[in-house]
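K.L.:
Contents of model-v4.txt (compact mmCIF, C-alpha atoms) are given next:
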```txt
# COMPACT_ATOMS: atom_id res chain seq x y z
CA MET A 21 49.70 24.13 45.17
CA PRO A 22 45.98 23.45 44.66
CA ILE A 23 43.60 26.31 43.95
CA PHE A 24 40.50 26.46 46.13
CA ARG A 25 37.02 27.68 45.27
CA GLN A 26 35.59 30.02 47.80
CA ASN A 27 32.16 28.86 48.93
CA ARG A 28 30.32 30.96 51.50
CA LYS A 29 27.19 28.80 51.18
CA ALA A 30 28.67 25.65 52.69
CA ARG A 31 26.17 23.03 53.79
CA ARG A 32 25.64 22.54 57.50
CA LEU A 33 23.90 19.76 59.34
CA PRO A 34 20.66 20.73 61.15
CA GLY A 35 21.58 22.42 64.42
CA GLN A 36 25.24 22.79 63.46
CA ALA A 37 26.71 26.26 64.00
CA GLU A 38 28.48 27.90 61.09
CA SER A 39 32.23 27.71 61.39
CA PRO A 40 34.11 30.51 59.63
CA ALA A 41 36.86 28.09 58.61
CA CYS A 42 34.44 25.56 57.14
CA ALA A 43 32.19 28.13 55.52
CA ALA A 44 35.04 29.89 53.77
CA TRP A 45 36.34 26.99 51.69
CA SER A 46 34.53 24.22 49.89
CA LEU A 47 37.44 21.74 50.04
CA ARG A 48 37.00 21.07 46.35
CA PRO A 49 40.31 21.79 44.66
CA GLN A 50 40.50 22.69 41.04
CA ALA A 51 43.60 20.53 40.68
CA SER A 52 43.16 17.13 39.11
CA ASP A 53 46.56 15.57 39.95
CA PRO A 54 46.10 13.07 42.82
CA GLN A 55 49.67 13.73 43.99
CA GLU A 56 48.82 17.40 44.38
CA VAL A 57 45.69 16.69 46.39
CA SER A 58 46.87 14.10 48.85
CA CYS A 59 45.03 14.53 52.13
CA LEU A 60 42.60 16.61 54.17
CA ILE A 61 44.11 18.20 57.24
CA SER A 62 42.82 21.10 59.31
CA ASN A 63 39.97 21.94 56.90
CA ARG A 64 42.23 22.34 53.89
CA ILE A 65 43.72 20.10 51.28
CA MET A 66 47.47 19.81 51.44
CA SER A 67 49.83 19.12 48.59
CA ALA A 68 52.05 16.05 48.68
CA GLU A 69 55.01 18.23 49.69
CA GLU A 70 53.13 19.50 52.76
CA ASN A 71 51.87 16.06 53.84
CA PRO A 72 53.05 15.32 57.39
CA LYS A 73 55.76 12.73 57.78
CA GLN A 74 54.89 9.18 58.66
CA ALA A 75 55.92 7.55 61.90
CA THR A 76 59.56 6.52 62.23
CA ASP A 77 60.49 2.98 61.35
CA LYS A 78 61.33 2.35 65.01
CA ASN A 79 57.88 3.34 66.32
CA LEU A 80 56.08 1.66 63.43
CA GLU A 81 57.93 -1.59 64.10
CA ALA A 82 57.20 -1.33 67.83
CA MET A 83 53.47 -0.87 67.20
CA ARG A 84 53.46 -3.65 64.59
CA ARG A 85 55.05 -6.09 67.06
CA PHE A 86 52.72 -4.98 69.85
CA SER A 87 49.67 -5.47 67.61
CA GLU A 88 50.72 -8.95 66.57
CA GLN A 89 51.49 -10.04 70.13
CA TYR A 90 48.27 -8.57 71.52
CA ALA A 91 46.14 -10.23 68.82
CA LYS A 92 47.72 -13.61 69.55
CA ARG A 93 47.43 -13.20 73.32
CA THR A 94 43.76 -12.20 73.19
CA GLY A 95 42.63 -14.56 70.42
CA THR A 96 41.62 -11.64 68.20
CA TYR A 97 42.34 -11.11 64.51
CA PHE A 98 43.14 -8.21 62.22
CA CYS A 99 40.52 -6.84 59.86
CA ALA A 100 40.03 -8.85 56.66
CA ASP A 101 41.11 -5.67 54.83
CA LEU A 102 44.73 -5.36 55.98
CA GLY A 103 44.71 -1.78 54.67
CA VAL A 104 42.60 -0.90 57.72
CA THR A 105 45.12 -2.65 59.97
CA SER A 106 48.01 -0.81 58.32
CA VAL A 107 46.48 2.64 58.72
CA VAL A 108 45.56 2.03 62.37
CA ILE A 109 49.04 0.75 63.26
CA GLU A 110 50.59 3.77 61.51
CA GLY A 111 48.27 6.06 63.50
CA LEU A 112 49.25 4.41 66.78
CA ALA A 113 52.93 4.79 65.89
CA LYS A 114 52.50 8.49 65.05
CA HIS A 115 50.72 9.12 68.35
CA LYS A 116 53.44 7.23 70.21
CA GLU A 117 55.97 9.55 68.57
CA GLU A 118 54.06 12.79 69.05
CA LEU A 119 52.41 12.15 72.42
CA GLY A 120 54.56 9.46 74.04
CA ALA A 121 51.69 6.93 74.07
CA PRO A 122 49.74 4.97 71.45
CA LEU A 123 46.51 6.95 71.71
CA CYS A 124 43.69 5.48 69.63
CA PRO A 125 43.94 7.16 66.20
CA CYS A 126 40.30 6.53 65.31
CA ARG A 127 38.71 9.02 67.66
CA HIS A 128 38.51 12.82 67.83
CA TYR A 129 39.99 14.47 70.92
CA GLU A 130 39.67 18.04 72.12
CA ASP A 131 42.93 17.65 74.09
CA LYS A 132 45.13 14.72 73.09
CA GLU A 133 47.65 15.28 75.89
CA ALA A 134 44.88 15.10 78.50
CA GLU A 135 43.54 11.92 76.91
CA VAL A 136 46.99 10.33 77.05
CA LYS A 137 47.20 11.13 80.78
CA ALA A 138 43.71 9.73 81.39
CA ALA A 139 44.88 6.53 79.61
CA TYR A 140 41.32 5.43 78.75
CA TRP A 141 41.95 5.52 74.96
CA ASN A 142 45.59 4.43 75.02
CA CYS A 143 45.87 1.20 73.04
CA PRO A 144 44.70 -1.27 74.07
CA CYS A 145 41.85 0.93 75.28
CA ILE A 146 39.57 0.14 78.21
CA PRO A 147 36.68 -1.12 75.99
CA MET A 148 39.11 -3.52 74.29
CA ARG A 149 40.59 -4.77 77.55
CA GLU A 150 37.23 -5.15 79.27
CA ARG A 151 34.90 -6.29 76.47
CA LYS A 152 37.11 -6.98 73.42
CA GLU A 153 35.51 -4.04 71.58
CA CYS A 154 38.00 -2.32 69.30
CA HIS A 155 36.57 0.85 67.75
CA CYS A 156 39.44 0.89 65.19
CA MET A 157 38.79 -2.65 63.95
CA LEU A 158 42.41 -3.54 64.71
CA PHE A 159 41.58 -6.37 67.12
CA LEU A 160 38.45 -8.27 66.11
CA THR A 161 36.90 -11.34 67.69
CA PRO A 162 36.51 -14.34 65.35
CA ASP A 163 32.72 -13.90 65.29
CA ASN A 164 33.00 -10.35 63.91
CA ASP A 165 31.94 -10.15 60.25
CA PHE A 166 35.01 -8.03 59.43
CA ALA A 167 37.56 -10.29 61.13
CA GLY A 168 40.15 -11.85 58.89
CA ASP A 169 42.32 -14.83 59.67
CA GLN A 170 45.58 -12.92 60.19
CA GLN A 171 47.35 -12.11 63.44
CA GLU A 172 50.52 -10.97 61.69
CA ILE A 173 51.34 -8.20 59.23
CA ASP A 174 54.63 -7.34 57.53
CA PHE A 175 56.34 -4.01 58.07
CA GLU A 176 56.65 -3.61 54.29
CA GLN A 177 52.92 -4.19 53.84
CA ILE A 178 52.14 -1.38 56.31
CA ARG A 179 54.53 1.03 54.60
CA ALA A 180 53.25 0.11 51.14
CA THR A 181 49.69 0.91 52.22
CA THR A 182 50.45 4.09 54.16
CA ASN A 183 52.76 5.47 51.46
CA GLU A 184 49.68 5.78 49.25
CA TYR A 185 48.20 8.49 51.50
```
I need this file expressed as structure tokens, please.

P.N.:
Amino acid sequence: MPIFRQNRKARRLPGQAESPACAAWSLRPQASDPQEVSCLISNRIMSAEENPKQATDKNLEAMRRFSEQYAKRTGTYFCADLGVTSVVIEGLAKHKEELGAPLCPCRHYEDKEAEVKAAYWNCPCIPMRERKECHCMLFLTPDNDFAGDQQEIDFEQIRATTNEY
């Protein structure tokens, strides 16, 4: 388990109110093992053992197939960095599991369940359907500087990327 340094003088942006949770911990662990310090969740660093599980193979495969089919149907392409594509597809699969719908994983929500019901940010989101604007960089038009030339991605490639986090 990582050891945390207490830091009551945490930096705040101008106009930002002090949050007791953020002010109490600096998020700088004294551990040096990257396995021990694997991810930031809920204003604390979690060890590898506490890291939340990934999406099930079933949901990941469903979101992978959906992403490929949607890219082909709309003439869009995955990001040139397929690591971005992998992480976004994993996020969609996790939301499908947890919330019952593939809510965009690249946005912050006060109430995820309410957002799912509103359906605005369910993938493909309204901006994507109306204007081909994908905030996540999952579906990119060919003229986008970050667009690659791929409309397919292997399941194993997604898992290999997301297993690193």

K.L.:
I'd like the neighbourhood of Met157 (chain A) as an NGL selection string, where a residue qualifies if any of its atoms comes within 10 Å (using only C-alpha atoms), though same-chain residues fewer than 5 positions away should be ignored.

P.N.:
:A and (97-101 or 104-105 or 108 or 126 or 164 or 166-167)

K.L.:
What does the structure give for the distance between CA of Trp141 (chain A) and CA of Ser87 (chain A), in Å to one decimal?

P.N.:
15.3 Å

K.L.:
Provide the CA of Asp169 (chain A) to CA of Ala82 (chain A) distance in Å, to one decimal place.

P.N.:
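Taking CA of Asp169 (chain A) as the start and CA of Ala82 (chain A) as the end point, the length is 21.7 Å.
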
K.L.:
Using all atoms listed in the file, which protein or nucleic acid residues come within 12 Å of Ala134 (chain A)? Drop anything in the same chain fewer than 5 positions from it, and give the result as number ranges by chain.

P.N.:
A: 119, 121, 123, 129, 139-142

K.L.:
Hey, what's within 12 Å of Cys145 (chain A) if we count only C-alpha atoms and toss same-chain stuff fewer than 2 positions away? As a list in words, please?

P.N.:
Leu112, Ala121, Pro122, Leu123, Cys124, Pro125, Cys126, Arg127, Glu135, Val136, Ala138, Ala139, Tyr140, Trp141, Asn142, Cys143, Pro147, Met148, Arg149, Glu150, Arg151, Lys152, Glu153, Cys154, His155, Cys156, Leu158 and Phe159 of chain A

K.L.:
At what distance in Å, to one decimal, does CA of Asn183 (chain A) lie from CA of Glu133 (chain A)?

P.N.:
26.8 Å

K.L.:
Neighbouring residues of Asn79 (chain A) were defined as those with any atom within 12 Å, considering only C-alpha atoms; residues of the same chain fewer than 5 positions away were excluded. Please report them as a list of chain:residue names.

P.N.:
A:Gln74, A:Arg84, A:Arg85, A:Phe86, A:Ile109, A:Glu110, A:Gly111, A:Leu112, A:Ala113, A:Lys114, A:His115, A:Lys116, A:Glu117, A:Glu118, A:Gly120, A:Ala121, A:Pro122, A:Phe175

K.L.:
Using only C-alpha atoms, please write the residues we just selected to a file, as a CSV table (one decimal), in the frame of the given file.

P.N.:
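Contents of the output file again31.csv:
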```
chain,number,residue,atom,x,y,z
A,74,GLN,CA,54.9,9.2,58.7
A,84,ARG,CA,53.5,-3.6,64.6
A,85,ARG,CA,55.0,-6.1,67.1
A,86,PHE,CA,52.7,-5.0,69.8
A,109,ILE,CA,49.0,0.8,63.3
A,110,GLU,CA,50.6,3.8,61.5
A,111,GLY,CA,48.3,6.1,63.5
A,112,LEU,CA,49.2,4.4,66.8
A,113,ALA,CA,52.9,4.8,65.9
A,114,LYS,CA,52.5,8.5,65.0
A,115,HIS,CA,50.7,9.1,68.4
A,116,LYS,CA,53.4,7.2,70.2
A,117,GLU,CA,56.0,9.6,68.6
A,118,GLU,CA,54.1,12.8,69.0
A,120,GLY,CA,54.6,9.5,74.0
A,121,ALA,CA,51.7,6.9,74.1
A,122,PRO,CA,49.7,5.0,71.4
A,175,PHE,CA,56.3,-4.0,58.1
```

K.L.:
Could you tell me which of A:Val107, A:Thr161, A:Gln171, A:Thr96 comes closest to Ala75 (chain A) if we count only C-alpha atoms?

P.N.:
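Smallest separation from Ala75 (chain A) among the options: A:Val107.
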